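The file upload-v7.tsv contains TSV, C-alpha atoms (C1' of nucleotides):
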```
chain	number	residue	atom	x	y	z
D	19	MET	CA	0.31	-11.39	29.24
D	20	CYS	CA	-0.94	-14.93	28.78
D	21	PRO	CA	-1.72	-15.63	25.14
D	22	SER	CA	-3.18	-19.08	25.69
D	23	ASP	CA	-5.82	-17.74	28.07
D	24	SER	CA	-8.58	-17.76	25.52
D	25	VAL	CA	-12.31	-17.87	25.97
D	26	MET	CA	-12.32	-21.13	24.06
D	27	THR	CA	-9.94	-22.84	26.50
D	28	LEU	CA	-11.48	-25.98	27.89
D	29	ASP	CA	-8.53	-27.41	29.83
D	30	SER	CA	-9.86	-26.80	33.32
D	31	GLU	CA	-11.13	-29.83	35.22
D	32	THR	CA	-13.49	-27.87	37.37
D	33	LYS	CA	-15.09	-25.75	34.67
D	34	ALA	CA	-15.89	-26.93	31.19
D	35	VAL	CA	-18.06	-23.92	30.37
D	36	GLU	CA	-16.82	-20.94	28.45
D	37	LEU	CA	-16.37	-17.83	30.50
D	38	PRO	CA	-17.68	-14.72	28.77
D	39	GLU	CA	-14.56	-12.61	29.20
D	40	ASP	CA	-14.52	-8.97	28.33
D	41	HIS	CA	-12.26	-7.98	25.47
D	42	ALA	CA	-13.99	-4.72	24.62
D	43	GLU	CA	-10.78	-2.74	25.17
D	44	GLU	CA	-8.81	-4.76	22.66
D	45	LEU	CA	-11.67	-4.48	20.20
D	46	ARG	CA	-11.73	-0.71	20.55
D	47	LEU	CA	-7.96	-0.64	20.10
D	48	TRP	CA	-8.25	-2.63	16.89
D	49	LEU	CA	-10.96	-0.34	15.53
D	50	ARG	CA	-8.87	2.72	16.35
D	51	LEU	CA	-5.81	1.22	14.68
D	52	LEU	CA	-7.90	0.48	11.62
D	53	THR	CA	-9.39	3.96	11.57
D	54	CYS	CA	-5.96	5.60	11.74
D	55	THR	CA	-4.60	3.50	8.92
D	56	THR	CA	-7.66	3.95	6.71
D	57	LEU	CA	-7.63	7.69	7.28
D	58	ILE	CA	-3.95	8.11	6.48
D	59	GLU	CA	-4.05	5.68	3.57
D	60	GLY	CA	-6.93	7.59	2.02
D	61	GLU	CA	-5.12	10.88	2.39
D	62	ILE	CA	-1.92	9.53	0.85
D	63	ARG	CA	-3.88	7.87	-1.95
D	64	GLY	CA	-5.63	11.14	-2.76
D	65	ARG	CA	-2.43	13.18	-2.77
D	66	LEU	CA	-0.62	10.65	-4.96
D	67	ARG	CA	-3.45	10.72	-7.46
D	68	GLU	CA	-3.83	14.51	-7.46
D	69	ARG	CA	-0.15	15.31	-7.54
D	70	PHE	CA	1.32	12.46	-9.59
D	71	ASP	CA	-1.65	10.60	-11.04
D	72	VAL	CA	-0.38	7.36	-9.56
D	73	THR	CA	-2.11	4.77	-7.41
D	74	LEU	CA	-0.97	3.75	-3.95
D	75	PRO	CA	-0.24	0.10	-4.84
D	76	ARG	CA	1.98	1.24	-7.70
D	77	PHE	CA	3.83	3.62	-5.42
D	78	ASP	CA	4.27	0.88	-2.81
D	79	LEU	CA	5.63	-1.54	-5.37
D	80	MET	CA	8.09	1.02	-6.68
D	81	ALA	CA	9.14	1.76	-3.08
D	82	GLN	CA	10.05	-1.89	-2.60
D	83	LEU	CA	12.08	-1.94	-5.79
D	84	ASP	CA	13.86	1.31	-5.00
D	85	LYS	CA	15.41	-0.43	-2.01
D	86	ALA	CA	16.62	-3.30	-4.21
D	87	PRO	CA	18.90	-2.01	-7.00
D	88	ASP	CA	19.55	-5.56	-8.19
D	89	GLY	CA	15.86	-6.28	-8.49
D	90	MET	CA	13.51	-8.62	-6.70
D	91	THR	CA	11.58	-11.72	-7.60
D	92	LEU	CA	7.80	-11.55	-7.72
D	93	SER	CA	7.62	-13.78	-4.64
D	94	ASP	CA	9.85	-11.41	-2.71
D	95	VAL	CA	7.66	-8.49	-3.64
D	96	SER	CA	4.54	-10.44	-2.74
D	97	LYS	CA	5.89	-11.30	0.71
D	98	ARG	CA	7.17	-7.80	1.39
D	99	MET	CA	3.95	-6.13	0.35
D	100	MET	CA	1.87	-8.80	2.08
D	101	VAL	CA	-0.38	-9.27	-0.92
D	102	SER	CA	-1.21	-12.34	-2.98
D	103	ASN	CA	1.00	-13.55	-5.82
D	104	GLY	CA	-1.67	-13.03	-8.42
D	105	ASN	CA	-2.03	-9.45	-7.35
D	106	VAL	CA	1.63	-8.72	-8.01
D	107	THR	CA	1.43	-10.23	-11.49
D	108	GLY	CA	-1.16	-7.69	-12.61
D	109	LEU	CA	0.46	-4.77	-10.86
D	110	VAL	CA	3.80	-5.53	-12.47
D	111	GLU	CA	2.18	-5.97	-15.88
D	112	ARG	CA	0.80	-2.44	-15.80
D	113	LEU	CA	4.04	-0.92	-14.56
D	114	VAL	CA	6.07	-2.69	-17.24
D	115	GLU	CA	3.54	-1.45	-19.78
D	116	SER	CA	4.01	2.14	-18.62
D	117	GLY	CA	7.78	1.83	-18.78
D	118	HIS	CA	8.48	2.06	-15.05
D	119	LEU	CA	9.58	-1.53	-14.57
D	120	ASP	CA	11.81	-3.98	-16.30
D	121	ARG	CA	11.00	-7.68	-16.07
D	122	ARG	CA	13.23	-10.58	-17.07
D	123	THR	CA	13.39	-14.28	-16.44
D	124	SER	CA	16.18	-15.31	-14.10
D	125	ASP	CA	19.25	-16.81	-15.78
D	126	THR	CA	19.62	-19.51	-13.16
D	127	ASP	CA	15.98	-20.45	-12.60
D	128	ARG	CA	13.50	-20.19	-15.41
D	129	ARG	CA	10.57	-20.15	-12.97
D	130	VAL	CA	11.70	-16.86	-11.50
D	131	GLN	CA	10.88	-13.39	-12.80
D	132	VAL	CA	13.20	-10.60	-11.67
D	133	ILE	CA	11.86	-7.08	-11.79
D	134	ARG	CA	13.60	-3.76	-11.24
D	135	LEU	CA	12.95	-0.08	-11.75
D	136	THR	CA	13.86	1.41	-15.11
D	137	LYS	CA	15.68	4.76	-15.22
D	138	LEU	CA	12.33	6.42	-15.76
D	139	GLY	CA	10.75	4.46	-12.93
D	140	ARG	CA	13.51	5.33	-10.51
D	141	ALA	CA	13.50	9.01	-11.42
D	142	GLU	CA	9.75	9.29	-11.05
D	143	PHE	CA	9.73	7.36	-7.82
D	144	ARG	CA	12.41	9.53	-6.25
D	145	LYS	CA	10.41	12.64	-7.02
D	146	MET	CA	7.26	11.16	-5.53
D	147	ALA	CA	9.05	9.74	-2.49
D	148	ALA	CA	10.54	13.09	-1.53
D	149	GLU	CA	7.14	14.71	-1.47
D	150	HIS	CA	5.52	11.68	0.12
D	151	GLU	CA	7.88	11.99	3.06
D	152	THR	CA	6.76	15.54	3.74
D	153	TRP	CA	3.12	14.44	3.65
D	154	ILE	CA	3.82	11.80	6.25
D	155	ALA	CA	5.66	14.33	8.40
D	156	ASP	CA	2.67	16.62	8.10
D	157	ILE	CA	0.20	13.89	8.99
D	158	PHE	CA	2.13	12.80	12.09
D	159	GLY	CA	3.15	16.36	12.86
D	160	GLU	CA	1.35	16.72	16.17
D	161	LEU	CA	3.22	13.84	17.78
D	162	THR	CA	6.34	14.62	19.79
D	163	GLU	CA	9.57	12.76	19.13
D	164	LYS	CA	9.02	10.85	22.32
D	165	GLU	CA	5.51	9.86	21.29
D	166	VAL	CA	6.77	8.69	17.92
D	167	ARG	CA	9.34	6.48	19.63
D	168	GLU	CA	6.77	5.08	22.06
D	169	LEU	CA	4.33	4.36	19.27
D	170	MET	CA	7.08	2.59	17.35
D	171	ARG	CA	7.79	0.42	20.38
D	172	LEU	CA	4.16	-0.45	21.03
D	173	LEU	CA	3.47	-1.24	17.39
D	174	ALA	CA	6.55	-3.44	17.25
D	175	LYS	CA	5.17	-5.38	20.18
D	176	THR	CA	1.74	-5.49	18.56
D	177	LYS	CA	3.25	-6.84	15.36
D	178	GLY	CA	5.04	-9.56	17.31
D	179	SER	CA	1.89	-10.47	19.17
D	180	ALA	CA	-0.11	-10.67	15.95
D	181	GLN	CA	2.56	-12.74	14.21
D	182	ASN	CA	2.52	-15.22	17.06
D	183	ALA	CA	-1.27	-15.44	16.83
D	184	VAL	CA	-0.96	-16.21	13.14
D	185	LYS	CA	1.62	-18.91	13.83
D	186	ARG	CA	-0.54	-20.48	16.54
D	187	ARG	CA	-3.47	-20.77	14.15
D	188	GLN	CA	-1.27	-22.40	11.53
D	189	GLU	CA	-0.43	-25.04	14.23
W	99	MET	CA	5.37	19.83	17.55
W	100	CYS	CA	5.12	22.38	14.78
W	101	PRO	CA	2.83	21.17	12.00
W	102	SER	CA	3.46	24.08	9.67
W	103	ASP	CA	7.20	23.46	9.67
W	104	SER	CA	7.24	21.75	6.33
W	105	VAL	CA	10.07	21.25	3.91
W	106	MET	CA	8.06	23.23	1.41
W	107	THR	CA	7.87	26.33	3.59
W	108	LEU	CA	9.20	29.36	1.77
W	109	ASP	CA	8.33	32.14	4.20
W	110	SER	CA	11.83	32.93	5.42
W	111	GLU	CA	13.39	36.10	4.10
W	112	THR	CA	16.93	34.93	4.54
W	113	LYS	CA	16.52	31.50	2.97
W	114	ALA	CA	14.35	30.76	0.00
W	115	VAL	CA	15.79	27.30	-0.52
W	116	GLU	CA	14.15	24.15	0.71
W	117	LEU	CA	15.83	22.55	3.66
W	118	PRO	CA	16.08	18.80	3.29
W	119	GLU	CA	14.70	17.86	6.69
W	120	ASP	CA	14.78	14.34	7.96
W	121	HIS	CA	11.45	12.66	8.47
W	122	ALA	CA	12.68	9.10	8.31
W	123	GLU	CA	11.31	8.32	11.76
W	124	GLU	CA	7.77	9.30	10.87
W	125	LEU	CA	8.04	7.32	7.66
W	126	ARG	CA	9.13	4.23	9.56
W	127	LEU	CA	6.27	4.77	11.98
W	128	TRP	CA	3.79	4.92	9.13
W	129	LEU	CA	5.15	1.75	7.56
W	130	ARG	CA	4.95	-0.06	10.87
W	131	LEU	CA	1.39	1.11	11.42
W	132	LEU	CA	0.50	-0.13	7.96
W	133	THR	CA	2.21	-3.46	8.52
W	134	CYS	CA	0.33	-4.06	11.77
W	135	THR	CA	-3.01	-3.27	10.22
W	136	THR	CA	-2.39	-5.34	7.09
W	137	LEU	CA	-1.20	-8.28	9.17
W	138	ILE	CA	-4.19	-8.23	11.51
W	139	GLU	CA	-6.67	-7.52	8.75
W	140	GLY	CA	-5.40	-10.49	6.76
W	141	GLU	CA	-5.68	-12.76	9.78
W	142	ILE	CA	-9.23	-11.64	10.54
W	143	ARG	CA	-10.21	-11.94	6.89
W	144	GLY	CA	-8.88	-15.48	6.74
W	145	ARG	CA	-10.62	-16.57	9.92
W	146	LEU	CA	-13.94	-15.05	8.84
W	147	ARG	CA	-13.75	-16.86	5.54
W	148	GLU	CA	-12.69	-20.19	7.04
W	149	ARG	CA	-15.09	-20.14	9.96
W	150	PHE	CA	-18.13	-18.34	8.54
W	151	ASP	CA	-17.50	-18.04	4.81
W	152	VAL	CA	-18.02	-14.30	4.99
W	153	THR	CA	-15.86	-11.44	3.75
W	154	LEU	CA	-14.45	-8.71	5.96
W	155	PRO	CA	-16.35	-5.84	4.28
W	156	ARG	CA	-19.64	-7.68	4.81
W	157	PHE	CA	-18.79	-8.27	8.44
W	158	ASP	CA	-17.85	-4.63	8.89
W	159	LEU	CA	-21.08	-3.43	7.33
W	160	MET	CA	-23.13	-5.72	9.53
W	161	ALA	CA	-21.18	-4.47	12.56
W	162	GLN	CA	-22.24	-0.91	11.77
W	163	LEU	CA	-25.87	-1.92	11.43
W	164	ASP	CA	-25.84	-3.97	14.62
W	165	LYS	CA	-25.17	-0.75	16.51
W	166	ALA	CA	-28.15	0.96	14.82
W	167	PRO	CA	-31.37	-0.97	15.51
W	168	ASP	CA	-33.42	1.66	13.66
W	169	GLY	CA	-31.26	1.35	10.58
W	170	MET	CA	-28.88	3.69	8.80
W	171	THR	CA	-28.85	5.51	5.52
W	172	LEU	CA	-26.31	4.50	2.89
W	173	SER	CA	-24.51	7.82	3.40
W	174	ASP	CA	-24.18	7.19	7.11
W	175	VAL	CA	-22.73	3.77	6.44
W	176	SER	CA	-20.38	5.18	3.85
W	177	LYS	CA	-19.06	7.82	6.26
W	178	ARG	CA	-18.72	5.41	9.16
W	179	MET	CA	-16.89	2.80	7.12
W	180	MET	CA	-14.81	5.46	5.38
W	181	VAL	CA	-15.48	3.99	1.96
W	182	SER	CA	-17.00	5.48	-1.18
W	183	ASN	CA	-20.75	5.66	-1.74
W	184	GLY	CA	-20.62	3.43	-4.76
W	185	ASN	CA	-18.88	0.80	-2.74
W	186	VAL	CA	-21.70	0.64	-0.22
W	187	THR	CA	-24.31	0.26	-2.97
W	188	GLY	CA	-22.78	-2.99	-4.18
W	189	LEU	CA	-22.10	-4.38	-0.73
W	190	VAL	CA	-25.67	-3.74	0.36
W	191	GLU	CA	-27.01	-5.27	-2.83
W	192	ARG	CA	-25.27	-8.55	-2.12
W	193	LEU	CA	-26.30	-8.60	1.55
W	194	VAL	CA	-29.93	-7.90	0.67
W	195	GLU	CA	-29.73	-10.68	-1.89
W	196	SER	CA	-28.47	-13.13	0.75
W	197	GLY	CA	-31.23	-12.14	3.16
W	198	HIS	CA	-29.04	-10.46	5.78
W	199	LEU	CA	-30.22	-6.90	5.14
W	200	ASP	CA	-33.48	-5.14	4.62
W	201	ARG	CA	-33.54	-2.03	2.43
W	202	ARG	CA	-36.37	0.46	2.08
W	203	THR	CA	-36.79	3.98	0.79
W	204	SER	CA	-37.28	6.57	3.51
W	205	ASP	CA	-40.87	7.75	4.02
W	206	THR	CA	-39.83	11.37	4.40
W	207	ASP	CA	-37.14	11.63	1.71
W	208	ARG	CA	-37.36	9.51	-1.38
W	209	ARG	CA	-33.67	9.96	-2.11
W	210	VAL	CA	-32.72	8.11	1.05
W	211	GLN	CA	-32.34	4.36	1.42
W	212	VAL	CA	-32.58	3.01	4.97
W	213	ILE	CA	-30.99	-0.36	5.62
W	214	ARG	CA	-31.09	-2.57	8.67
W	215	LEU	CA	-30.23	-6.12	9.68
W	216	THR	CA	-32.88	-8.77	9.21
W	217	LYS	CA	-33.49	-11.32	11.98
W	218	LEU	CA	-31.24	-13.70	10.10
W	219	GLY	CA	-28.59	-11.03	9.63
W	220	ARG	CA	-28.59	-10.07	13.28
W	221	ALA	CA	-28.45	-13.67	14.49
W	222	GLU	CA	-25.57	-14.52	12.18
W	223	PHE	CA	-23.69	-11.36	13.01
W	224	ARG	CA	-23.97	-11.93	16.76
W	225	LYS	CA	-22.48	-15.38	16.38
W	226	MET	CA	-19.61	-14.07	14.29
W	227	ALA	CA	-19.00	-11.07	16.53
W	228	ALA	CA	-18.63	-13.19	19.64
W	229	GLU	CA	-15.93	-15.26	18.04
W	230	HIS	CA	-14.35	-12.26	16.36
W	231	GLU	CA	-13.82	-10.66	19.75
W	232	THR	CA	-11.83	-13.64	20.97
W	233	TRP	CA	-9.64	-13.49	17.87
W	234	ILE	CA	-8.84	-9.86	18.55
W	235	ALA	CA	-8.06	-10.66	22.17
W	236	ASP	CA	-5.75	-13.41	20.95
W	237	ILE	CA	-4.01	-11.17	18.44
W	238	PHE	CA	-3.37	-8.38	20.97
W	239	GLY	CA	-2.79	-10.89	23.75
W	240	GLU	CA	0.86	-10.03	24.44
W	241	LEU	CA	0.10	-6.41	25.29
W	242	THR	CA	-0.45	-5.51	28.93
W	243	GLU	CA	-3.50	-3.53	29.98
W	244	LYS	CA	-1.29	-0.52	30.43
W	245	GLU	CA	0.17	-0.88	26.95
W	246	VAL	CA	-3.31	-1.17	25.47
W	247	ARG	CA	-4.32	2.06	27.18
W	248	GLU	CA	-1.15	3.85	26.05
W	249	LEU	CA	-1.60	2.66	22.49
W	250	MET	CA	-5.20	3.88	22.57
W	251	ARG	CA	-4.02	7.30	23.69
W	252	LEU	CA	-1.27	7.59	21.09
W	253	LEU	CA	-3.54	6.43	18.28
W	254	ALA	CA	-6.20	8.92	19.34
W	255	LYS	CA	-3.59	11.66	19.06
W	256	THR	CA	-2.43	10.28	15.71
W	257	LYS	CA	-5.99	10.28	14.43
W	258	GLY	CA	-6.42	13.89	15.47
W	259	SER	CA	-3.16	14.88	13.85
W	260	ALA	CA	-4.10	13.14	10.62
W	261	GLN	CA	-7.57	14.67	10.58
W	262	ASN	CA	-6.07	18.12	10.95
W	263	ALA	CA	-3.69	17.41	8.06
W	264	VAL	CA	-6.67	16.42	5.94
W	265	LYS	CA	-8.51	19.61	6.87
W	266	ARG	CA	-5.47	21.74	6.10
W	267	ARG	CA	-5.23	20.28	2.61
W	268	GLN	CA	-8.90	20.93	1.98
W	269	GLU	CA	-8.18	24.60	2.82
V	254	DT	C1'	-44.12	29.08	-7.96
V	255	DC	C1'	-39.77	28.19	-9.94
V	256	DC	C1'	-35.31	26.88	-10.09
V	257	DA	C1'	-30.38	26.72	-8.78
V	258	DG	C1'	-27.80	24.46	-5.77
V	259	DA	C1'	-27.33	20.87	-2.36
V	260	DT	C1'	-27.83	16.18	-1.16
V	261	DG	C1'	-28.40	10.96	-1.62
V	262	DT	C1'	-27.73	7.20	-4.48
V	263	DT	C1'	-26.43	4.60	-8.54
V	264	DT	C1'	-23.74	3.81	-12.52
V	265	DT	C1'	-19.47	3.45	-15.00
V	266	DA	C1'	-14.78	2.35	-16.03
V	267	DA	C1'	-10.75	0.95	-14.40
V	268	DG	C1'	-7.91	-0.89	-11.08
V	269	DT	C1'	-6.91	-3.75	-6.91
V	270	DC	C1'	-7.35	-7.89	-4.35
V	271	DT	C1'	-8.10	-12.70	-2.93
V	272	DA	C1'	-8.30	-17.87	-2.98
V	273	DA	C1'	-7.86	-21.63	-5.61
V	274	DA	C1'	-6.70	-24.07	-9.68
V	275	DA	C1'	-3.54	-24.51	-13.44
V	276	DT	C1'	1.03	-24.26	-15.54
V	277	DG	C1'	5.84	-24.58	-15.84
V	278	DT	C1'	10.32	-25.58	-13.56
V	279	DT	C1'	13.49	-27.32	-10.23
V	280	DT	C1'	15.11	-30.50	-6.83
V	281	DA	C1'	15.77	-34.72	-4.14
V	282	DG	C1'	15.29	-39.40	-3.28
V	283	DG	C1'	15.14	-43.88	-5.01
Q	182	DC	C1'	17.55	-41.49	-14.80
Q	183	DC	C1'	12.73	-40.88	-12.97
Q	184	DT	C1'	9.41	-39.03	-10.56
Q	185	DA	C1'	7.03	-36.97	-6.64
Q	186	DA	C1'	7.12	-33.01	-4.12
Q	187	DA	C1'	8.27	-28.31	-3.80
Q	188	DC	C1'	8.37	-23.95	-5.74
Q	189	DA	C1'	7.37	-19.59	-8.75
Q	190	DT	C1'	4.21	-17.67	-11.39
Q	191	DT	C1'	-0.05	-17.03	-13.98
Q	192	DT	C1'	-4.81	-17.65	-14.67
Q	193	DT	C1'	-9.53	-17.59	-13.20
Q	194	DA	C1'	-13.71	-16.09	-11.08
Q	195	DG	C1'	-15.53	-13.19	-8.18
Q	196	DA	C1'	-15.60	-9.55	-4.89
Q	197	DC	C1'	-14.11	-5.02	-3.44
Q	198	DT	C1'	-12.69	-0.29	-4.29
Q	199	DT	C1'	-12.32	4.28	-6.09
Q	200	DA	C1'	-13.33	8.72	-8.67
Q	201	DA	C1'	-16.23	10.81	-11.51
Q	202	DA	C1'	-20.37	11.28	-14.00
Q	203	DA	C1'	-25.21	10.62	-14.09
Q	204	DC	C1'	-29.58	10.54	-11.98
Q	205	DA	C1'	-33.15	11.59	-8.54
Q	206	DT	C1'	-34.93	14.37	-5.04
Q	207	DC	C1'	-35.16	18.04	-1.87
Q	208	DT	C1'	-34.58	22.88	-0.20
Q	209	DG	C1'	-34.36	27.70	0.13
Q	210	DG	C1'	-34.66	31.85	-1.74
Q	211	DA	C1'	-36.34	35.22	-5.65
```
How would this structure read if it were set down as structure tokens?
Amino acid sequence: MCPSDSVMTLDSETKAVELPEDHAEELRLWLRLLTCTTLIEGEIRGRLRERFDVTLPRFDLMAQLDKAPDGMTLSDVSKRMMVSNGNVTGLVERLVESGHLDRRTSDTDRRVQVIRLTKLGRAEFRKMAAEHETWIADIFGELTEKEVRELMRLLAKTKGSAQNAVKRRQE
Amino acid sequence: MCPSDSVMTLDSETKAVELPEDHAEELRLWLRLLTCTTLIEGEIRGRLRERFDVTLPRFDLMAQLDKAPDGMTLSDVSKRMMVSNGNVTGLVERLVESGHLDRRTSDTDRRVQVIRLTKLGRAEFRKMAAEHETWIADIFGELTEKEVRELMRLLAKTKGSAQNAVKRRQE
DNA sequence: TCCAGATGTTTTAAGTCTAAAATGTTTAGG
DNA sequence: CCTAAACATTTTAGACTTAAAACATCTGGA
């Protein structure tokens, strides 16, 4: 409820010592969140490899581009995927090499590279995405509709809370 | 509610065609889960590097060992961290090199390597862990106690659902 | 005892990822 | 126009990661 109420707070006049507060619950929550994601990610990674011989990062990149018919800049992709710029460079290189992506320098800004799916890339992605969606449905299959909605709400709030924490650290 | 109700099901006598069911909600849920984890992981990684010049995988490995005073085998660590065996080998190598870990071959089974924290490793980990806990509290700070509990419950159910999906695929 | 499978670890090859420095390009202010 | 700052991308060095193969050891029957 009160984000600024940290253990490190030293603003009290009466107490300058740090109070050893208990945040074990939040820690457990974080570990559980991480476990869920790792578990699901591993399962999806394995199925993508087995079924389509494609890696998860490649699939994720193609998923971003599928939503952008006019293409995206490398920076856009980097921000959306929440990975470093240098990472995208290499990923794109390999996907251009395999014929799934088309890369060109922007007409209006020679710094900018615009990438988009080729016909082949789009066709292959669509096939993978259809199956991928059924995997996800399978993985989350034991949750009721109501639970899915509630989880969505709580994760949205978690995301907001985390984003604010990031902003606070960046002053 | 019904895990076996997949798009790929072909057991109906009257319809052999695949029904294009809508699993967009589950897909959005998965993406949100992934976003939350990536966001928080990145923040923790950055703070660990800035504050202690340590990587997240190293911290995670030390966290496992801190809970096992008598040490763990590499396999145990690998299972707990949900990473490949080969990955652990390299991580341990570097942490032994830096004096944080002690590695010895088991007396009873010469295949087995038992690792544990050194005095230095334990001392450094404890310092990091204390601060780490406050970061987590900060990041999840906008959630109420009730929301934390509810999220714990829903993620536990999600984990179970995902584990069952994994088992089903492995026959 | 012997040995076929199981188990624990390491190695290998390739890919992913990051932070930081380097490079090239644009833009604004003077 | 010039140039400093901002911006987009690539490069670099190193760490992490995986799957699969290789290696080492153990175990439980025949």
Correct to one decimal, the distance atom CA of D:Ala155-atom CA of D:Ala141 is 22.0 Å
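Rounded to one decimal, atom C1' of Q:DA185 and atom CA of D:Thr126 lie 22.5 Å from each other.
For the atom pair formed by atom CA of W:Leu189 and atom CA of W:Lys177, the distance is 14.4 Å, given to one decimal.
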Would you list the contacts of Q:DA189 as a PDB file with C-alpha atoms, keeping the file's coordinate frame, taking every protein, DNA or RNA residue within 8 Å and counting all atoms listed in the file, but skipping same-chain residues closer than 2 positions in sequence?
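File out_23.pdb, as written:
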```
ATOM      1  CA  SER D  93       7.620 -13.780  -4.640  1.00  0.00           C
ATOM      2  CA  ARG D 129      10.570 -20.150 -12.970  1.00  0.00           C
ATOM      3  CA  VAL D 130      11.700 -16.860 -11.500  1.00  0.00           C
TER       4      VAL D 130
END
```
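In terms of minimum interatomic distance to D:Gln82, W:Leu129 ranks closest within W:Leu129, W:Asp205, W:Thr256, W:Arg147, counting only C-alpha atoms.
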Where does chain V meet chain W within 9 Å, residue by residue, with the nearest atom pair and distance in Å to one decimal for each, counting all atoms listed in the file, listed by chain and rising number, as JSON lines?
```
{"residue": "V:DT260", "atom": "C1'", "partner": "W:Arg209", "partner_atom": "CA", "distance": 8.6}
{"residue": "V:DG261", "atom": "C1'", "partner": "W:Arg209", "partner_atom": "CA", "distance": 5.4}
{"residue": "V:DT262", "atom": "C1'", "partner": "W:Arg209", "partner_atom": "CA", "distance": 7.0}
{"residue": "V:DT263", "atom": "C1'", "partner": "W:Gly184", "partner_atom": "CA", "distance": 7.0}
{"residue": "V:DT264", "atom": "C1'", "partner": "W:Gly184", "partner_atom": "CA", "distance": 8.4}
```
What's the 12 Å shell around Q:DA196, counting all atoms listed in the file, without same-chain residues fewer than 3 positions away, as a ChimeraX atom specification? /W:152-156,185,188-189,192 /V:269-272
Could you turn the residues from that selection into a file that holds C-alpha atoms (C1' of nucleotides), as a short mmCIF file (atom, residue, chain, number, x, y, z; two decimals), keeping the file's coordinate frame?
```
data_model
loop_
_atom_site.label_atom_id
_atom_site.label_comp_id
_atom_site.auth_asym_id
_atom_site.auth_seq_id
_atom_site.Cartn_x
_atom_site.Cartn_y
_atom_site.Cartn_z
CA VAL W 152 -18.02 -14.30 4.99
CA THR W 153 -15.86 -11.44 3.75
CA LEU W 154 -14.45 -8.71 5.96
CA PRO W 155 -16.35 -5.84 4.28
CA ARG W 156 -19.64 -7.68 4.81
CA ASN W 185 -18.88 0.80 -2.74
CA GLY W 188 -22.78 -2.99 -4.18
CA LEU W 189 -22.10 -4.38 -0.73
CA ARG W 192 -25.27 -8.55 -2.12
"C1'" DT V 269 -6.91 -3.75 -6.91
"C1'" DC V 270 -7.35 -7.89 -4.35
"C1'" DT V 271 -8.10 -12.70 -2.93
"C1'" DA V 272 -8.30 -17.87 -2.98
#
```
Please, which residues in chain W fall within 7 Å of chain D when counting only C-alpha atoms, and what is the closest atom pair and distance in Å to one decimal for each, ordered by chain then residue number, as CSV?
```
residue,atom,partner,partner_atom,distance
W:Met99,CA,D:Glu160,CA,5.3
W:Cys100,CA,D:Gly159,CA,6.6
W:Pro101,CA,D:Gly159,CA,4.9
W:Ser104,CA,D:Thr152,CA,6.7
W:Val105,CA,D:Thr152,CA,6.6
W:His121,CA,D:Ala155,CA,6.0
W:Glu124,CA,D:Ala155,CA,6.0
W:Leu125,CA,D:Ile154,CA,6.3
W:Leu127,CA,D:Met170,CA,5.9
W:Arg130,CA,D:Leu173,CA,6.8
W:Leu131,CA,D:Leu173,CA,6.7
W:Leu132,CA,D:Thr55,CA,6.3
W:Cys134,CA,D:Lys177,CA,5.4
W:Thr135,CA,D:Leu52,CA,6.3
W:Ile138,CA,D:Ala180,CA,6.5
W:Glu141,CA,D:Val184,CA,6.7
W:Glu231,CA,D:His41,CA,6.5
W:Thr232,CA,D:Val25,CA,6.6
W:Ile234,CA,D:Leu45,CA,6.3
W:Ala235,CA,D:Glu44,CA,6.0
W:Asp236,CA,D:Pro21,CA,6.2
W:Ile237,CA,D:Ala180,CA,4.7
W:Phe238,CA,D:Ser179,CA,5.9
W:Gly239,CA,D:Pro21,CA,5.1
W:Glu240,CA,D:Met19,CA,5.0
W:Leu241,CA,D:Met19,CA,6.4
W:Thr242,CA,D:Met19,CA,5.9
W:Leu249,CA,D:Leu172,CA,6.7
W:Met250,CA,D:Leu47,CA,5.8
W:Leu252,CA,D:Leu169,CA,6.7
W:Leu253,CA,D:Leu51,CA,6.7
W:Thr256,CA,D:Phe158,CA,6.3
W:Lys257,CA,D:Cys54,CA,5.4
W:Ser259,CA,D:Glu160,CA,5.4
W:Ala260,CA,D:Ile157,CA,4.7
W:Ala263,CA,D:Ile157,CA,5.3
W:Val264,CA,D:Glu61,CA,6.8
```
Could you check which of D:Leu79, D:Leu113, D:Val132, D:Leu119 is closest to chain Q, using all atoms listed in the file? D:Val132
Write out, as a Markdown table, each residue of chain Q that has an atom at most 7 Å from chain W, together with the closest pair of atoms and their distance in Å to one decimal, counting all atoms listed in the file, rows going by chain and rising number.
```
| residue | atom | partner | partner_atom | distance |
| --- | --- | --- | --- | --- |
| Q:DT198 | C1' | W:Asn185 | CA | 6.5 |
| Q:DT199 | C1' | W:Ser182 | CA | 6.9 |
| Q:DA205 | C1' | W:Arg209 | CA | 6.7 |
| Q:DT206 | C1' | W:Arg209 | CA | 5.4 |
```
Set the distance at 10 Å and use only C-alpha atoms (C1' of nucleotides): which residues neighbour V:DT280 once local chain neighbours fewer than 3 positions away are removed? I'd like the list as a list in words.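 Counting only C-alpha atoms (C1' of nucleotides), the residues come to DA186, DA187 and DC188 of chain Q.
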